[in-house]
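Read the structure below first, then the notes.
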Amino acid sequence: SMDPAMAKAMVHYRLRRLSAAQAAAQAAGRRGARFPWESAADGDDVTPTVVHLSGQSVPIRTGQLEEHVTADVAWSLAHYAEWSGDRAFLTGAGRPLLAETARYWASRCRLDRQGRAHIDGIMGPDEYHESVDDNAYTNVMARWNLRAAADAVDGGSGDEQEAQAWRDLAERIVDGYDPATGRYEQFAGYFGLES
């Protein structure tokens, strides 16, 4: 939202539901906080898992796989602080949200033998491709989230060692960018799909 008061209200809505996001991450075997795709008043994910169409059950996997919402929530907090001029919010009241979402991504990444970081089995904003690896949008947002949290920790009295680990991981995240063409592959294998 471009309305500072409304944006602040949305950020505070997420901050009040941080414990529910932490519980969701823990339930998935992760650290930090994972925000829901569709949030109930208490912060639980209420995304439907199935719909019935013409007598058939159709699985709905957005709540399970569209994890980029976690970084999107952190992005909204950071941009509220920047656009409203309340930069101290990042190292104050908003800092736990940035740190917990970064911890989620740090626990969500998989390192390959070359030390590159991957995020497997997700869905990006293109909901027609489910359970893909290294979705460019998700990976770029996760990288941003790790860096933003590291900056917030450095600006406060946090753990600089954890902040450095987040920065190192951010540098390792595969994003599908090809510098020769200036294009991102939407996810691993996307360019090999039939047109």
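Ligands are numbered from 1 in the order shown, residues from 1 within each chain, and chains are lettered A, B, ... in the order they appear in the structure tokens.
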
> If we count only C-alpha atoms, what is near A:Ile119 at a cut-off of 10 Å, once residues fewer than 2 positions away on the same chain are taken out, given as a PyMOL selection string?
Replying inline: chain A and resi 105+108-111+117+121-122+132-136+138-139+142+173-175

Writer output for current selection, C-alpha atoms, as a PDB file, in the first residue's frame:
```pdb
ATOM      1  CA  TRP A 105      15.431 -19.202   4.309  1.00  0.00           C
ATOM      2  CA  ARG A 108      15.204 -23.907   3.664  1.00  0.00           C
ATOM      3  CA  CYS A 109      18.228 -23.726   1.332  1.00  0.00           C
ATOM      4  CA  ARG A 110      20.058 -26.845   0.203  1.00  0.00           C
ATOM      5  CA  LEU A 111      23.762 -26.644  -0.604  1.00  0.00           C
ATOM      6  CA  ALA A 117      22.355 -22.864  -2.546  1.00  0.00           C
ATOM      7  CA  GLY A 121      10.040 -28.060  -4.416  1.00  0.00           C
ATOM      8  CA  ILE A 122       8.306 -24.687  -4.472  1.00  0.00           C
ATOM      9  CA  VAL A 132       9.710 -26.603  -9.154  1.00  0.00           C
ATOM     10  CA  ASP A 133      13.298 -26.039  -8.108  1.00  0.00           C
ATOM     11  CA  ASP A 134      15.090 -22.697  -7.984  1.00  0.00           C
ATOM     12  CA  ASN A 135      12.219 -20.427  -8.943  1.00  0.00           C
ATOM     13  CA  ALA A 136      13.947 -17.155  -9.881  1.00  0.00           C
ATOM     14  CA  THR A 138      11.549 -16.921  -4.857  1.00  0.00           C
ATOM     15  CA  ASN A 139      15.325 -17.289  -4.847  1.00  0.00           C
ATOM     16  CA  ALA A 142      15.089 -15.082  -0.366  1.00  0.00           C
ATOM     17  CA  ILE A 173      21.747 -18.781  -3.978  1.00  0.00           C
ATOM     18  CA  VAL A 174      21.166 -19.922  -7.561  1.00  0.00           C
ATOM     19  CA  ASP A 175      18.797 -17.560  -9.355  1.00  0.00           C
TER      20      ASP A 175
END
```

Which of chain A DSSP labels alpha helix (DSSP H), written as an mmCIF file with N, CA, C and O atoms, in the first residue's frame:
```cif
data_model
loop_
_atom_site.group_PDB
_atom_site.id
_atom_site.type_symbol
_atom_site.label_atom_id
_atom_site.label_comp_id
_atom_site.auth_asym_id
_atom_site.auth_seq_id
_atom_site.Cartn_x
_atom_site.Cartn_y
_atom_site.Cartn_z
ATOM 1 N N PRO A 4 0.874 5.292 4.109
ATOM 2 C CA PRO A 4 1.756 4.888 5.220
ATOM 3 C C PRO A 4 1.010 4.283 6.413
ATOM 4 O O PRO A 4 1.481 3.297 6.992
ATOM 5 N N ALA A 5 -0.123 4.843 6.779
ATOM 6 C CA ALA A 5 -0.855 4.309 7.938
ATOM 7 C C ALA A 5 -1.368 2.902 7.646
ATOM 8 O O ALA A 5 -1.294 2.009 8.502
ATOM 9 N N MET A 6 -1.866 2.680 6.435
ATOM 10 C CA MET A 6 -2.355 1.351 6.064
ATOM 11 C C MET A 6 -1.195 0.354 5.972
ATOM 12 O O MET A 6 -1.291 -0.783 6.431
ATOM 13 N N ALA A 7 -0.084 0.801 5.387
ATOM 14 C CA ALA A 7 1.088 -0.068 5.288
ATOM 15 C C ALA A 7 1.586 -0.458 6.676
ATOM 16 O O ALA A 7 1.926 -1.621 6.926
ATOM 17 N N LYS A 8 1.615 0.495 7.586
ATOM 18 C CA LYS A 8 2.052 0.212 8.955
ATOM 19 C C LYS A 8 1.114 -0.792 9.621
ATOM 20 O O LYS A 8 1.562 -1.710 10.319
ATOM 21 N N ALA A 9 -0.185 -0.639 9.395
ATOM 22 C CA ALA A 9 -1.159 -1.574 9.968
ATOM 23 C C ALA A 9 -0.926 -2.988 9.429
ATOM 24 O O ALA A 9 -1.001 -3.967 10.192
ATOM 25 N N MET A 10 -0.611 -3.109 8.148
ATOM 26 C CA MET A 10 -0.368 -4.431 7.571
ATOM 27 C C MET A 10 0.901 -5.052 8.138
ATOM 28 O O MET A 10 0.946 -6.252 8.417
ATOM 29 N N VAL A 11 1.923 -4.246 8.315
ATOM 30 C CA VAL A 11 3.178 -4.744 8.897
ATOM 31 C C VAL A 11 2.932 -5.195 10.334
ATOM 32 O O VAL A 11 3.384 -6.270 10.752
ATOM 33 N N HIS A 12 2.188 -4.408 11.098
ATOM 34 C CA HIS A 12 1.900 -4.789 12.491
ATOM 35 C C HIS A 12 1.014 -6.042 12.556
ATOM 36 O O HIS A 12 1.148 -6.846 13.483
ATOM 37 N N TYR A 13 0.124 -6.211 11.568
ATOM 38 C CA TYR A 13 -0.669 -7.444 11.486
ATOM 39 C C TYR A 13 0.271 -8.645 11.420
ATOM 40 O O TYR A 13 0.100 -9.634 12.127
ATOM 41 N N ARG A 14 1.301 -8.564 10.570
ATOM 42 C CA ARG A 14 2.267 -9.664 10.433
ATOM 43 C C ARG A 14 3.107 -9.822 11.702
ATOM 44 O O ARG A 14 3.375 -10.944 12.125
ATOM 45 N N LEU A 15 3.519 -8.727 12.302
ATOM 46 C CA LEU A 15 4.312 -8.821 13.532
ATOM 47 C C LEU A 15 3.522 -9.518 14.644
ATOM 48 O O LEU A 15 4.083 -10.323 15.397
ATOM 49 N N ARG A 16 2.226 -9.219 14.739
ATOM 50 C CA ARG A 16 1.398 -9.857 15.775
ATOM 51 C C ARG A 16 1.198 -11.349 15.507
ATOM 52 O O ARG A 16 0.806 -12.082 16.414
ATOM 53 N N LEU A 18 3.690 -13.296 14.227
ATOM 54 C CA LEU A 18 5.015 -13.881 14.078
ATOM 55 C C LEU A 18 5.106 -15.239 14.778
ATOM 56 O O LEU A 18 5.697 -16.180 14.248
ATOM 57 N N SER A 19 4.507 -15.381 15.930
ATOM 58 C CA SER A 19 4.588 -16.671 16.644
ATOM 59 C C SER A 19 3.891 -17.774 15.853
ATOM 60 O O SER A 19 4.355 -18.922 15.846
ATOM 61 N N ALA A 20 2.792 -17.462 15.171
ATOM 62 C CA ALA A 20 2.124 -18.467 14.333
ATOM 63 C C ALA A 20 3.016 -18.848 13.155
ATOM 64 O O ALA A 20 3.085 -20.024 12.769
ATOM 65 N N ALA A 21 3.724 -17.872 12.592
ATOM 66 C CA ALA A 21 4.643 -18.150 11.481
ATOM 67 C C ALA A 21 5.832 -18.985 11.962
ATOM 68 O O ALA A 21 6.321 -19.862 11.237
ATOM 69 N N GLN A 22 6.279 -18.751 13.180
ATOM 70 C CA GLN A 22 7.357 -19.566 13.748
ATOM 71 C C GLN A 22 6.875 -21.000 13.960
ATOM 72 O O GLN A 22 7.606 -21.958 13.677
ATOM 73 N N ALA A 23 5.659 -21.158 14.431
ATOM 74 C CA ALA A 23 5.095 -22.498 14.633
ATOM 75 C C ALA A 23 4.953 -23.226 13.300
ATOM 76 O O ALA A 23 5.202 -24.438 13.220
ATOM 77 N N ALA A 24 4.575 -22.498 12.248
ATOM 78 C CA ALA A 24 4.450 -23.119 10.922
ATOM 79 C C ALA A 24 5.804 -23.589 10.408
ATOM 80 O O ALA A 24 5.917 -24.671 9.824
ATOM 81 N N ALA A 25 6.834 -22.798 10.603
ATOM 82 C CA ALA A 25 8.179 -23.203 10.186
ATOM 83 C C ALA A 25 8.614 -24.442 10.959
ATOM 84 O O ALA A 25 9.133 -25.401 10.373
ATOM 85 N N GLN A 26 8.396 -24.430 12.265
ATOM 86 C CA GLN A 26 8.787 -25.564 13.093
ATOM 87 C C GLN A 26 8.036 -26.826 12.672
ATOM 88 O O GLN A 26 8.621 -27.911 12.614
ATOM 89 N N ALA A 27 6.749 -26.698 12.363
ATOM 90 C CA ALA A 27 5.951 -27.850 11.934
ATOM 91 C C ALA A 27 6.480 -28.438 10.626
ATOM 92 O O ALA A 27 6.334 -29.635 10.368
ATOM 93 N N THR A 62 -1.062 -24.105 -3.394
ATOM 94 C CA THR A 62 -0.461 -22.790 -3.151
ATOM 95 C C THR A 62 -0.036 -22.619 -1.696
ATOM 96 O O THR A 62 1.046 -22.103 -1.419
ATOM 97 N N GLY A 63 -0.861 -23.027 -0.754
ATOM 98 C CA GLY A 63 -0.513 -22.888 0.656
ATOM 99 C C GLY A 63 0.702 -23.710 1.042
ATOM 100 O O GLY A 63 1.500 -23.309 1.884
ATOM 101 N N GLN A 64 0.848 -24.847 0.416
ATOM 102 C CA GLN A 64 1.961 -25.741 0.710
ATOM 103 C C GLN A 64 3.253 -25.266 0.048
ATOM 104 O O GLN A 64 4.326 -25.346 0.647
ATOM 105 N N LEU A 65 3.170 -24.768 -1.195
ATOM 106 C CA LEU A 65 4.377 -24.548 -1.989
ATOM 107 C C LEU A 65 4.742 -23.095 -2.272
ATOM 108 O O LEU A 65 5.872 -22.823 -2.656
ATOM 109 N N HIS A 68 7.284 -17.999 -1.236
ATOM 110 C CA HIS A 68 7.844 -16.662 -1.424
ATOM 111 C C HIS A 68 7.111 -15.614 -0.602
ATOM 112 O O HIS A 68 7.650 -14.544 -0.327
ATOM 113 N N VAL A 69 5.906 -15.923 -0.140
ATOM 114 C CA VAL A 69 5.161 -14.976 0.696
ATOM 115 C C VAL A 69 5.960 -14.593 1.940
ATOM 116 O O VAL A 69 5.850 -13.464 2.431
ATOM 117 N N THR A 70 6.802 -15.499 2.421
ATOM 118 C CA THR A 70 7.626 -15.197 3.598
ATOM 119 C C THR A 70 8.566 -14.034 3.315
ATOM 120 O O THR A 70 8.674 -13.100 4.108
ATOM 121 N N ALA A 71 9.235 -14.077 2.176
ATOM 122 C CA ALA A 71 10.115 -12.961 1.792
ATOM 123 C C ALA A 71 9.299 -11.730 1.422
ATOM 124 O O ALA A 71 9.730 -10.599 1.660
ATOM 125 N N ASP A 72 8.118 -11.934 0.851
ATOM 126 C CA ASP A 72 7.262 -10.797 0.490
ATOM 127 C C ASP A 72 6.865 -10.002 1.739
ATOM 128 O O ASP A 72 6.809 -8.770 1.715
ATOM 129 N N VAL A 73 6.581 -10.717 2.838
ATOM 130 C CA VAL A 73 6.225 -10.056 4.094
ATOM 131 C C VAL A 73 7.403 -9.227 4.600
ATOM 132 O O VAL A 73 7.239 -8.070 5.012
ATOM 133 N N ALA A 74 8.606 -9.799 4.548
ATOM 134 C CA ALA A 74 9.797 -9.059 4.980
ATOM 135 C C ALA A 74 10.026 -7.846 4.079
ATOM 136 O O ALA A 74 10.385 -6.762 4.557
ATOM 137 N N TRP A 75 9.814 -8.012 2.780
ATOM 138 C CA TRP A 75 9.978 -6.912 1.821
ATOM 139 C C TRP A 75 9.014 -5.776 2.161
ATOM 140 O O TRP A 75 9.386 -4.601 2.137
ATOM 141 N N SER A 76 7.778 -6.126 2.488
ATOM 142 C CA SER A 76 6.798 -5.079 2.802
ATOM 143 C C SER A 76 7.207 -4.313 4.053
ATOM 144 O O SER A 76 7.052 -3.095 4.118
ATOM 145 N N LEU A 77 7.750 -5.008 5.041
ATOM 146 C CA LEU A 77 8.215 -4.344 6.259
ATOM 147 C C LEU A 77 9.350 -3.375 5.930
ATOM 148 O O LEU A 77 9.325 -2.218 6.336
ATOM 149 N N ALA A 78 10.329 -3.837 5.172
ATOM 150 C CA ALA A 78 11.491 -3.002 4.839
ATOM 151 C C ALA A 78 11.089 -1.795 4.003
ATOM 152 O O ALA A 78 11.588 -0.685 4.217
ATOM 153 N N HIS A 79 10.186 -1.997 3.074
ATOM 154 C CA HIS A 79 9.789 -0.882 2.218
ATOM 155 C C HIS A 79 8.864 0.094 2.936
ATOM 156 O O HIS A 79 8.891 1.286 2.663
ATOM 157 N N TYR A 80 8.064 -0.410 3.870
ATOM 158 C CA TYR A 80 7.307 0.522 4.711
ATOM 159 C C TYR A 80 8.286 1.443 5.436
ATOM 160 O O TYR A 80 8.120 2.659 5.462
ATOM 161 N N ALA A 81 9.316 0.856 6.048
ATOM 162 C CA ALA A 81 10.288 1.641 6.831
ATOM 163 C C ALA A 81 10.992 2.666 5.947
ATOM 164 O O ALA A 81 11.177 3.821 6.344
ATOM 165 N N GLU A 82 11.359 2.246 4.744
ATOM 166 C CA GLU A 82 12.067 3.157 3.837
ATOM 167 C C GLU A 82 11.144 4.266 3.330
ATOM 168 O O GLU A 82 11.493 5.443 3.380
ATOM 169 N N TRP A 83 9.977 3.892 2.851
ATOM 170 C CA TRP A 83 9.085 4.876 2.227
ATOM 171 C C TRP A 83 8.458 5.825 3.240
ATOM 172 O O TRP A 83 8.129 6.957 2.913
ATOM 173 N N SER A 84 8.277 5.374 4.475
ATOM 174 C CA SER A 84 7.679 6.241 5.490
ATOM 175 C C SER A 84 8.739 7.092 6.196
ATOM 176 O O SER A 84 8.404 8.016 6.915
ATOM 177 N N ALA A 88 14.379 3.443 11.549
ATOM 178 C CA ALA A 88 14.700 2.824 12.842
ATOM 179 C C ALA A 88 13.809 1.609 13.107
ATOM 180 O O ALA A 88 14.167 0.741 13.910
ATOM 181 N N PHE A 89 12.679 1.515 12.424
ATOM 182 C CA PHE A 89 11.768 0.385 12.579
ATOM 183 C C PHE A 89 12.461 -0.930 12.218
ATOM 184 O O PHE A 89 12.177 -1.976 12.802
ATOM 185 N N LEU A 90 13.394 -0.876 11.259
ATOM 186 C CA LEU A 90 14.092 -2.090 10.812
ATOM 187 C C LEU A 90 14.985 -2.683 11.897
ATOM 188 O O LEU A 90 15.127 -3.900 11.993
ATOM 189 N N THR A 91 15.610 -1.836 12.671
ATOM 190 C CA THR A 91 16.493 -2.323 13.726
ATOM 191 C C THR A 91 15.796 -2.329 15.085
ATOM 192 O O THR A 91 16.395 -2.731 16.070
ATOM 193 N N ARG A 95 12.758 -5.697 13.469
ATOM 194 C CA ARG A 95 13.936 -6.564 13.386
ATOM 195 C C ARG A 95 13.637 -8.047 13.609
ATOM 196 O O ARG A 95 14.149 -8.900 12.877
ATOM 197 N N PRO A 96 12.802 -8.430 14.588
ATOM 198 C CA PRO A 96 12.531 -9.866 14.770
ATOM 199 C C PRO A 96 11.906 -10.516 13.535
ATOM 200 O O PRO A 96 12.231 -11.655 13.217
ATOM 201 N N LEU A 97 11.045 -9.789 12.835
ATOM 202 C CA LEU A 97 10.430 -10.357 11.636
ATOM 203 C C LEU A 97 11.490 -10.572 10.556
ATOM 204 O O LEU A 97 11.534 -11.632 9.922
ATOM 205 N N LEU A 98 12.357 -9.596 10.341
ATOM 206 C CA LEU A 98 13.429 -9.761 9.349
ATOM 207 C C LEU A 98 14.335 -10.928 9.718
ATOM 208 O O LEU A 98 14.695 -11.746 8.861
ATOM 209 N N ALA A 99 14.711 -11.024 10.981
ATOM 210 C CA ALA A 99 15.612 -12.092 11.422
ATOM 211 C C ALA A 99 14.955 -13.462 11.305
ATOM 212 O O ALA A 99 15.576 -14.421 10.818
ATOM 213 N N GLU A 100 13.718 -13.578 11.727
ATOM 214 C CA GLU A 100 13.055 -14.887 11.698
ATOM 215 C C GLU A 100 12.779 -15.363 10.273
ATOM 216 O O GLU A 100 12.858 -16.564 9.992
ATOM 217 N N THR A 101 12.458 -14.445 9.353
ATOM 218 C CA THR A 101 12.264 -14.862 7.965
ATOM 219 C C THR A 101 13.602 -15.264 7.340
ATOM 220 O O THR A 101 13.669 -16.223 6.567
ATOM 221 N N ALA A 102 14.675 -14.574 7.689
ATOM 222 C CA ALA A 102 16.004 -14.965 7.196
ATOM 223 C C ALA A 102 16.387 -16.339 7.738
ATOM 224 O O ALA A 102 16.952 -17.171 7.015
ATOM 225 N N ARG A 103 16.094 -16.588 8.988
ATOM 226 C CA ARG A 103 16.381 -17.919 9.555
ATOM 227 C C ARG A 103 15.610 -18.999 8.818
ATOM 228 O O ARG A 103 16.104 -20.112 8.623
ATOM 229 N N TYR A 104 14.397 -18.668 8.403
ATOM 230 C CA TYR A 104 13.626 -19.641 7.626
ATOM 231 C C TYR A 104 14.365 -19.975 6.330
ATOM 232 O O TYR A 104 14.573 -21.155 6.009
ATOM 233 N N TRP A 105 14.753 -18.945 5.586
ATOM 234 C CA TRP A 105 15.431 -19.202 4.309
ATOM 235 C C TRP A 105 16.749 -19.930 4.516
ATOM 236 O O TRP A 105 17.114 -20.806 3.726
ATOM 237 N N ALA A 106 17.463 -19.590 5.576
ATOM 238 C CA ALA A 106 18.726 -20.278 5.847
ATOM 239 C C ALA A 106 18.490 -21.770 6.097
ATOM 240 O O ALA A 106 19.306 -22.606 5.691
ATOM 241 N N SER A 107 17.372 -22.106 6.726
ATOM 242 C CA SER A 107 17.074 -23.520 6.974
ATOM 243 C C SER A 107 16.413 -24.181 5.764
ATOM 244 O O SER A 107 16.365 -25.403 5.672
ATOM 245 N N ARG A 108 15.926 -23.386 4.836
ATOM 246 C CA ARG A 108 15.204 -23.907 3.664
ATOM 247 C C ARG A 108 16.142 -24.205 2.494
ATOM 248 O O ARG A 108 15.842 -25.019 1.629
ATOM 249 N N ALA A 136 13.147 -18.386 -9.902
ATOM 250 C CA ALA A 136 13.947 -17.155 -9.881
ATOM 251 C C ALA A 136 13.376 -16.125 -8.916
ATOM 252 O O ALA A 136 14.123 -15.537 -8.123
ATOM 253 N N TYR A 137 12.072 -15.893 -8.949
ATOM 254 C CA TYR A 137 11.469 -14.895 -8.070
ATOM 255 C C TYR A 137 11.711 -15.263 -6.602
ATOM 256 O O TYR A 137 12.159 -14.441 -5.804
ATOM 257 N N THR A 138 11.401 -16.498 -6.246
ATOM 258 C CA THR A 138 11.549 -16.921 -4.857
ATOM 259 C C THR A 138 12.998 -16.820 -4.408
ATOM 260 O O THR A 138 13.294 -16.301 -3.324
ATOM 261 N N ASN A 139 13.917 -17.294 -5.242
ATOM 262 C CA ASN A 139 15.325 -17.289 -4.847
ATOM 263 C C ASN A 139 15.886 -15.878 -4.730
ATOM 264 O O ASN A 139 16.642 -15.592 -3.803
ATOM 265 N N VAL A 140 15.504 -14.990 -5.651
ATOM 266 C CA VAL A 140 15.968 -13.601 -5.568
ATOM 267 C C VAL A 140 15.388 -12.928 -4.324
ATOM 268 O O VAL A 140 16.093 -12.198 -3.612
ATOM 269 N N MET A 141 14.132 -13.191 -4.020
ATOM 270 C CA MET A 141 13.525 -12.613 -2.817
ATOM 271 C C MET A 141 14.141 -13.188 -1.543
ATOM 272 O O MET A 141 14.359 -12.460 -0.569
ATOM 273 N N ALA A 142 14.436 -14.480 -1.525
ATOM 274 C CA ALA A 142 15.089 -15.082 -0.366
ATOM 275 C C ALA A 142 16.467 -14.452 -0.168
ATOM 276 O O ALA A 142 16.857 -14.134 0.965
ATOM 277 N N ARG A 143 17.198 -14.235 -1.262
ATOM 278 C CA ARG A 143 18.513 -13.581 -1.181
ATOM 279 C C ARG A 143 18.368 -12.180 -0.599
ATOM 280 O O ARG A 143 19.106 -11.785 0.293
ATOM 281 N N TRP A 144 17.390 -11.438 -1.120
ATOM 282 C CA TRP A 144 17.158 -10.086 -0.601
ATOM 283 C C TRP A 144 16.862 -10.141 0.898
ATOM 284 O O TRP A 144 17.382 -9.351 1.681
ATOM 285 N N ASN A 145 15.992 -11.084 1.317
ATOM 286 C CA ASN A 145 15.584 -11.209 2.708
ATOM 287 C C ASN A 145 16.799 -11.486 3.604
ATOM 288 O O ASN A 145 16.947 -10.871 4.677
ATOM 289 N N LEU A 146 17.664 -12.385 3.182
ATOM 290 C CA LEU A 146 18.874 -12.689 3.958
ATOM 291 C C LEU A 146 19.747 -11.454 4.119
ATOM 292 O O LEU A 146 20.243 -11.168 5.210
ATOM 293 N N ARG A 147 19.920 -10.702 3.051
ATOM 294 C CA ARG A 147 20.759 -9.496 3.108
ATOM 295 C C ARG A 147 20.123 -8.411 3.977
ATOM 296 O O ARG A 147 20.811 -7.749 4.756
ATOM 297 N N ALA A 148 18.819 -8.212 3.824
ATOM 298 C CA ALA A 148 18.130 -7.181 4.617
ATOM 299 C C ALA A 148 18.203 -7.506 6.102
ATOM 300 O O ALA A 148 18.421 -6.617 6.933
ATOM 301 N N ALA A 149 18.036 -8.773 6.440
ATOM 302 C CA ALA A 149 18.118 -9.170 7.850
ATOM 303 C C ALA A 149 19.534 -8.988 8.376
ATOM 304 O O ALA A 149 19.725 -8.528 9.505
ATOM 305 N N ALA A 150 20.527 -9.322 7.562
ATOM 306 C CA ALA A 150 21.917 -9.132 7.980
ATOM 307 C C ALA A 150 22.203 -7.659 8.241
ATOM 308 O O ALA A 150 22.862 -7.315 9.224
ATOM 309 N N ASP A 151 21.693 -6.788 7.395
ATOM 310 C CA ASP A 151 21.878 -5.345 7.599
ATOM 311 C C ASP A 151 21.196 -4.883 8.881
ATOM 312 O O ASP A 151 21.741 -4.055 9.612
ATOM 313 N N ALA A 152 20.009 -5.422 9.170
ATOM 314 C CA ALA A 152 19.283 -5.025 10.384
ATOM 315 C C ALA A 152 20.014 -5.497 11.638
ATOM 316 O O ALA A 152 20.051 -4.783 12.642
ATOM 317 N N VAL A 153 20.595 -6.678 11.575
ATOM 318 C CA VAL A 153 21.341 -7.192 12.720
ATOM 319 C C VAL A 153 22.592 -6.354 12.936
ATOM 320 O O VAL A 153 22.930 -5.991 14.061
ATOM 321 N N ASP A 154 23.295 -6.014 11.846
ATOM 322 C CA ASP A 154 24.490 -5.183 11.966
ATOM 323 C C ASP A 154 24.153 -3.812 12.543
ATOM 324 O O ASP A 154 24.956 -3.222 13.241
ATOM 325 N N GLU A 160 26.401 -10.833 14.933
ATOM 326 C CA GLU A 160 27.086 -10.511 13.685
ATOM 327 C C GLU A 160 27.540 -11.771 12.960
ATOM 328 O O GLU A 160 27.645 -11.779 11.748
ATOM 329 N N GLN A 161 27.801 -12.834 13.711
ATOM 330 C CA GLN A 161 28.208 -14.096 13.085
ATOM 331 C C GLN A 161 27.057 -14.670 12.243
ATOM 332 O O GLN A 161 27.269 -15.139 11.130
ATOM 333 N N GLU A 162 25.853 -14.623 12.780
ATOM 334 C CA GLU A 162 24.688 -15.092 12.022
ATOM 335 C C GLU A 162 24.460 -14.190 10.821
ATOM 336 O O GLU A 162 24.159 -14.673 9.724
ATOM 337 N N ALA A 163 24.623 -12.890 10.985
ATOM 338 C CA ALA A 163 24.461 -11.952 9.870
ATOM 339 C C ALA A 163 25.444 -12.279 8.753
ATOM 340 O O ALA A 163 25.080 -12.264 7.568
ATOM 341 N N GLN A 164 26.688 -12.580 9.091
ATOM 342 C CA GLN A 164 27.675 -12.924 8.067
ATOM 343 C C GLN A 164 27.309 -14.232 7.376
ATOM 344 O O GLN A 164 27.474 -14.374 6.165
ATOM 345 N N ALA A 165 26.789 -15.193 8.120
ATOM 346 C CA ALA A 165 26.352 -16.462 7.524
ATOM 347 C C ALA A 165 25.216 -16.213 6.532
ATOM 348 O O ALA A 165 25.166 -16.837 5.465
ATOM 349 N N TRP A 166 24.293 -15.289 6.875
ATOM 350 C CA TRP A 166 23.207 -14.954 5.947
ATOM 351 C C TRP A 166 23.759 -14.323 4.673
ATOM 352 O O TRP A 166 23.316 -14.638 3.570
ATOM 353 N N ARG A 167 24.722 -13.425 4.817
ATOM 354 C CA ARG A 167 25.324 -12.789 3.632
ATOM 355 C C ARG A 167 26.024 -13.828 2.752
ATOM 356 O O ARG A 167 25.901 -13.798 1.536
ATOM 357 N N ASP A 168 26.756 -14.727 3.387
ATOM 358 C CA ASP A 168 27.453 -15.770 2.624
ATOM 359 C C ASP A 168 26.460 -16.657 1.874
ATOM 360 O O ASP A 168 26.662 -16.979 0.703
ATOM 361 N N LEU A 169 25.383 -17.048 2.546
ATOM 362 C CA LEU A 169 24.368 -17.879 1.906
ATOM 363 C C LEU A 169 23.702 -17.124 0.761
ATOM 364 O O LEU A 169 23.470 -17.691 -0.314
ATOM 365 N N ALA A 170 23.407 -15.859 0.965
ATOM 366 C CA ALA A 170 22.777 -15.050 -0.090
ATOM 367 C C ALA A 170 23.620 -15.066 -1.364
ATOM 368 O O ALA A 170 23.083 -15.159 -2.474
ATOM 369 N N GLU A 171 24.934 -15.003 -1.225
ATOM 370 C CA GLU A 171 25.827 -15.025 -2.388
ATOM 371 C C GLU A 171 25.798 -16.360 -3.119
ATOM 372 O O GLU A 171 26.109 -16.426 -4.298
ATOM 373 N N ARG A 172 25.421 -17.409 -2.442
ATOM 374 C CA ARG A 172 25.443 -18.755 -3.020
ATOM 375 C C ARG A 172 24.125 -19.153 -3.687
ATOM 376 O O ARG A 172 24.063 -20.171 -4.374
#
```

> DSSP says strand (DSSP E) for which residues of chain A? Put them as a list in words?
Replying inline: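 Of chain A, only Val50, Val51, His52, Leu53, Gln56, Ser57, Val58, Pro59, Arg110, Leu111, Ala117, His118, Tyr177, Asp178, Arg183 and Tyr184 of chain A fall in strand (DSSP E).
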
Only N, CA, C and O atoms, please: the residues just picked out, written as a CSV table (one decimal), in the first residue's frame.
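Written output follows (result_2.csv):
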```
chain,number,residue,atom,x,y,z
A,50,VAL,N,-7.9,-28.6,-1.2
A,50,VAL,CA,-8.6,-29.3,-2.3
A,50,VAL,C,-9.9,-28.6,-2.6
A,50,VAL,O,-10.5,-28.0,-1.7
A,51,VAL,N,-10.3,-28.6,-3.9
A,51,VAL,CA,-11.6,-28.1,-4.3
A,51,VAL,C,-12.3,-29.2,-5.1
A,51,VAL,O,-11.6,-30.1,-5.7
A,52,HIS,N,-13.6,-29.2,-5.2
A,52,HIS,CA,-14.3,-30.2,-5.9
A,52,HIS,C,-14.9,-29.6,-7.1
A,52,HIS,O,-15.8,-28.7,-7.0
A,53,LEU,N,-14.5,-30.0,-8.3
A,53,LEU,CA,-15.0,-29.5,-9.6
A,53,LEU,C,-15.6,-30.7,-10.4
A,53,LEU,O,-14.9,-31.6,-10.7
A,56,GLN,N,-14.9,-34.1,-9.3
A,56,GLN,CA,-13.5,-34.5,-9.1
A,56,GLN,C,-12.8,-33.6,-8.0
A,56,GLN,O,-13.1,-32.4,-7.9
A,57,SER,N,-11.9,-34.2,-7.3
A,57,SER,CA,-11.1,-33.5,-6.3
A,57,SER,C,-9.9,-33.0,-7.0
A,57,SER,O,-9.1,-33.7,-7.6
A,58,VAL,N,-9.7,-31.6,-6.9
A,58,VAL,CA,-8.5,-31.0,-7.4
A,58,VAL,C,-7.6,-30.4,-6.3
A,58,VAL,O,-8.1,-29.6,-5.5
A,59,PRO,N,-6.4,-30.9,-6.2
A,59,PRO,CA,-5.5,-30.4,-5.1
A,59,PRO,C,-5.2,-28.9,-5.4
A,59,PRO,O,-4.9,-28.5,-6.5
A,110,ARG,N,19.2,-25.6,0.3
A,110,ARG,CA,20.1,-26.8,0.2
A,110,ARG,C,21.3,-26.5,-0.5
A,110,ARG,O,21.3,-25.9,-1.6
A,111,LEU,N,22.5,-26.9,0.1
A,111,LEU,CA,23.8,-26.6,-0.6
A,111,LEU,C,24.1,-27.9,-1.4
A,111,LEU,O,24.0,-29.0,-0.9
A,117,ALA,N,23.6,-22.7,-3.3
A,117,ALA,CA,22.4,-22.9,-2.5
A,117,ALA,C,21.1,-22.9,-3.5
A,117,ALA,O,21.0,-22.1,-4.4
A,118,HIS,N,20.3,-23.9,-3.2
A,118,HIS,CA,19.1,-24.1,-4.0
A,118,HIS,C,17.8,-24.2,-3.0
A,118,HIS,O,17.9,-24.5,-1.9
A,177,TYR,N,19.9,-16.6,-13.4
A,177,TYR,CA,20.3,-15.5,-14.3
A,177,TYR,C,21.4,-15.8,-15.2
A,177,TYR,O,22.4,-16.4,-14.8
A,178,ASP,N,21.2,-15.4,-16.5
A,178,ASP,CA,22.3,-15.7,-17.5
A,178,ASP,C,22.8,-14.3,-18.0
A,178,ASP,O,22.1,-13.5,-18.6
A,183,ARG,N,18.8,-12.6,-19.1
A,183,ARG,CA,17.5,-13.2,-18.8
A,183,ARG,C,17.6,-14.1,-17.6
A,183,ARG,O,18.6,-14.8,-17.4
A,184,TYR,N,16.5,-14.2,-16.8
A,184,TYR,CA,16.4,-15.2,-15.8
A,184,TYR,C,15.6,-16.4,-16.3
A,184,TYR,O,14.5,-16.2,-16.9
```
